[in-house]
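Worksheet: one structure, shown below.
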Amino acid sequence: MDILTIALLIVCGFVLLVIEAFLVPGFSVPGIAGIVVIFFGIYRAMVAYGAMGAAVAFLVSATATILLLRAALQSRAVRQTTLEHNQKEYRAPDDYRALVGKEGVTLSPLRPAGIAEIEGERMDVVTDGEFLASGTPVKVLSIEGVRIVVTRMERE
C-alpha cells in the first residue's frame with residue numbers, strides 16, 4: 001500500500017467523524033466507522049513502512065484530531081448549539097434564617113403554599129401541611145433552603 005492510499009484512509013476516517021459530529025445525533029455508525037478506518041490506516045502504515053511509518057501516521061492523525069477539535073470548538077455552529085456560562089447577572093438567594101420565630105399574617109389562603117406578610121414584607125410561604133385562610137396569624141417554623149415554613153399561631 002502506498003502512502004497516498006494510507007493518507008486517503010485516514011482522511012476518510014476524519015470525514016466520517018465530522019459527519020458523526022455535525023449530521024448524526026449521538027455516537028453511532030459513522031463515528032465508529034471513522035475510528036476504525038483511522039486505526040486501519042495506521043495499521044496499514046505499520047505493515048507497509050514498519051513501526052516508524054505507524055508512528056508518523058499516528059502523530060499526523062493525532063495532530064489532525066487536535067486541530068479539528070480546536071477549529072470545531074471555535075466555530076460559530078458549535079457556539080450556537082451550546083450554552084454560555086455567563087453569571088454576571090446572578091444573584092444568590094436571600095438568607096431567610098433570621099425569620100425563624102418571627103410572626104406575620106397570611107395575605108392569601110395557604111393551601112399549603114401562598115403569600116404571607118412577615119415583618120412588613122410579602123413572602124412566599126408554605127404551611128406544615130395545614131390549609132390556612134387569608135388573614136390567619138402565622139409564625140415562621142423553619143427555613144428549608146429558600147422555603148419558608150409557617151404554622152398557625154396559637155391565640156393566647
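In the C-alpha cells, chains take the letters A, B, ... in the order shown, each chain's residues start at 1, and ligands count up from 1 in the order shown.
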Non-local contacts of range 138-150 of chain A (7 Å; only C-alpha atoms; under 5 positions in same chain excluded) as a list in words: Tyr96, Arg97, Leu99, Val100, Gly101, Lys102, Glu103, Gly104, Val105, Thr106, Val125, Val126, Thr127 and Asp128 of chain A
Expected answer as a PyMOL selection string: strand (DSSP E or B) residues in chain A: chain A and resi 103-106+110+113-118+121-127+132+137-144+147-152
For Val37 in chain A: contacts at 12 Å, only C-alpha atoms, fewer than 5 positions along chain excluded, given as a list in words: Thr5, Ile6, Ala7, Leu8, Leu9, Ile10, Val11, Cys12, Gly13, Phe14, Val15, Leu16, Leu17, Val29, Pro30, Gly31, Ile32, Ile42, Tyr43, Arg44 and Ser61 of chain A
Would you put the residues from that selection into a file with N, CA and C atoms, as an mmCIF file, in the first residue's frame?
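Just written: part.cif:
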data_model
loop_
_atom_site.group_PDB
_atom_site.id
_atom_site.type_symbol
_atom_site.label_atom_id
_atom_site.label_comp_id
_atom_site.auth_asym_id
_atom_site.auth_seq_id
_atom_site.Cartn_x
_atom_site.Cartn_y
_atom_site.Cartn_z
ATOM 1 N N THR A 5 -2.634 6.043 -0.463
ATOM 2 C CA THR A 5 -3.767 5.225 -0.032
ATOM 3 C C THR A 5 -3.928 5.280 1.486
ATOM 4 N N ILE A 6 -2.827 5.228 2.191
ATOM 5 C CA ILE A 6 -2.881 5.309 3.652
ATOM 6 C C ILE A 6 -3.420 6.673 4.086
ATOM 7 N N ALA A 7 -2.937 7.723 3.465
ATOM 8 C CA ALA A 7 -3.423 9.075 3.779
ATOM 9 C C ALA A 7 -4.910 9.197 3.458
ATOM 10 N N LEU A 8 -5.339 8.596 2.343
ATOM 11 C CA LEU A 8 -6.742 8.640 1.964
ATOM 12 C C LEU A 8 -7.613 7.902 2.990
ATOM 13 N N LEU A 9 -7.127 6.770 3.502
ATOM 14 C CA LEU A 9 -7.857 6.052 4.546
ATOM 15 C C LEU A 9 -8.049 6.927 5.791
ATOM 16 N N ILE A 10 -6.974 7.556 6.214
ATOM 17 C CA ILE A 10 -7.046 8.400 7.425
ATOM 18 C C ILE A 10 -7.962 9.597 7.195
ATOM 19 N N VAL A 11 -7.877 10.211 6.028
ATOM 20 C CA VAL A 11 -8.745 11.357 5.710
ATOM 21 C C VAL A 11 -10.206 10.907 5.668
ATOM 22 N N CYS A 12 -10.488 9.741 5.084
ATOM 23 C CA CYS A 12 -11.865 9.224 5.060
ATOM 24 C C CYS A 12 -12.375 8.995 6.484
ATOM 25 N N GLY A 13 -11.506 8.512 7.364
ATOM 26 C CA GLY A 13 -11.892 8.332 8.755
ATOM 27 C C GLY A 13 -12.279 9.653 9.405
ATOM 28 N N PHE A 14 -11.511 10.695 9.119
ATOM 29 C CA PHE A 14 -11.845 12.009 9.680
ATOM 30 C C PHE A 14 -13.132 12.558 9.086
ATOM 31 N N VAL A 15 -13.379 12.312 7.810
ATOM 32 C CA VAL A 15 -14.634 12.750 7.182
ATOM 33 C C VAL A 15 -15.818 12.064 7.866
ATOM 34 N N LEU A 16 -15.692 10.783 8.139
ATOM 35 C CA LEU A 16 -16.756 10.074 8.854
ATOM 36 C C LEU A 16 -16.963 10.639 10.257
ATOM 37 N N LEU A 17 -15.888 11.005 10.936
ATOM 38 C CA LEU A 17 -16.030 11.616 12.264
ATOM 39 C C LEU A 17 -16.714 12.979 12.200
ATOM 40 N N VAL A 29 -22.930 4.676 13.858
ATOM 41 C CA VAL A 29 -22.160 4.004 12.820
ATOM 42 C C VAL A 29 -21.073 4.891 12.193
ATOM 43 N N PRO A 30 -21.364 6.135 11.789
ATOM 44 C CA PRO A 30 -20.273 6.920 11.173
ATOM 45 C C PRO A 30 -19.108 7.180 12.124
ATOM 46 N N GLY A 31 -19.383 7.408 13.391
ATOM 47 C CA GLY A 31 -18.310 7.654 14.349
ATOM 48 C C GLY A 31 -17.456 6.427 14.575
ATOM 49 N N ILE A 32 -18.114 5.302 14.770
ATOM 50 C CA ILE A 32 -17.368 4.055 14.973
ATOM 51 C C ILE A 32 -16.587 3.702 13.719
ATOM 52 N N ILE A 42 -3.568 3.545 10.149
ATOM 53 C CA ILE A 42 -2.332 3.478 10.943
ATOM 54 C C ILE A 42 -1.748 2.062 10.876
ATOM 55 N N TYR A 43 -2.614 1.052 10.943
ATOM 56 C CA TYR A 43 -2.156 -0.333 10.845
ATOM 57 C C TYR A 43 -1.511 -0.590 9.477
ATOM 58 N N ARG A 44 -2.138 -0.109 8.406
ATOM 59 C CA ARG A 44 -1.580 -0.306 7.068
ATOM 60 C C ARG A 44 -0.239 0.423 6.925
ATOM 61 N N SER A 61 -2.264 11.798 12.578
ATOM 62 C CA SER A 61 -3.678 11.657 12.944
ATOM 63 C C SER A 61 -3.993 12.402 14.241
#
Between CA of Ala113 in chain A and CA of Gly129 in chain A - distance in Å to one decimal: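 Those two atoms sit 9.2 Å apart.
Across the model, the gap from CA of Leu73 in chain A to CA of Leu59 in chain A is 21.1 Å.
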Contacts of Leu107 in chain A at 6 Å (only C-alpha atoms; same-chain gap of 6+ positions) as an NGL selection string: :A and (115-116 or 134-135)
Convert the current residue selection to file output with N, CA and C atoms, as an mmCIF file, in the first residue's frame.
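New file part26.cif:
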data_model
loop_
_atom_site.group_PDB
_atom_site.id
_atom_site.type_symbol
_atom_site.label_atom_id
_atom_site.label_comp_id
_atom_site.auth_asym_id
_atom_site.auth_seq_id
_atom_site.Cartn_x
_atom_site.Cartn_y
_atom_site.Cartn_z
ATOM 1 N N ILE A 115 -49.055 33.389 50.174
ATOM 2 C CA ILE A 115 -48.288 34.598 50.489
ATOM 3 C C ILE A 115 -48.645 35.056 51.894
ATOM 4 N N ALA A 116 -47.618 35.443 52.621
ATOM 5 C CA ALA A 116 -47.815 35.985 53.968
ATOM 6 C C ALA A 116 -46.967 37.236 54.108
ATOM 7 N N SER A 134 -57.000 33.252 54.528
ATOM 8 C CA SER A 134 -56.369 34.565 54.444
ATOM 9 C C SER A 134 -56.628 35.322 55.748
ATOM 10 N N GLY A 135 -55.627 36.049 56.238
ATOM 11 C CA GLY A 135 -55.761 36.825 57.465
ATOM 12 C C GLY A 135 -55.425 36.044 58.723
#
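If only C-alpha atoms are the atoms counted, then among A:Thr81, A:Pro112, A:Ile35, A:Met123 the closest residue to Glu20 in chain A is A:Ile35.
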DSSP alpha helix (DSSP H) residues within range 75-124 of chain A, as a PyMOL selection string: chain A and resi 76-81
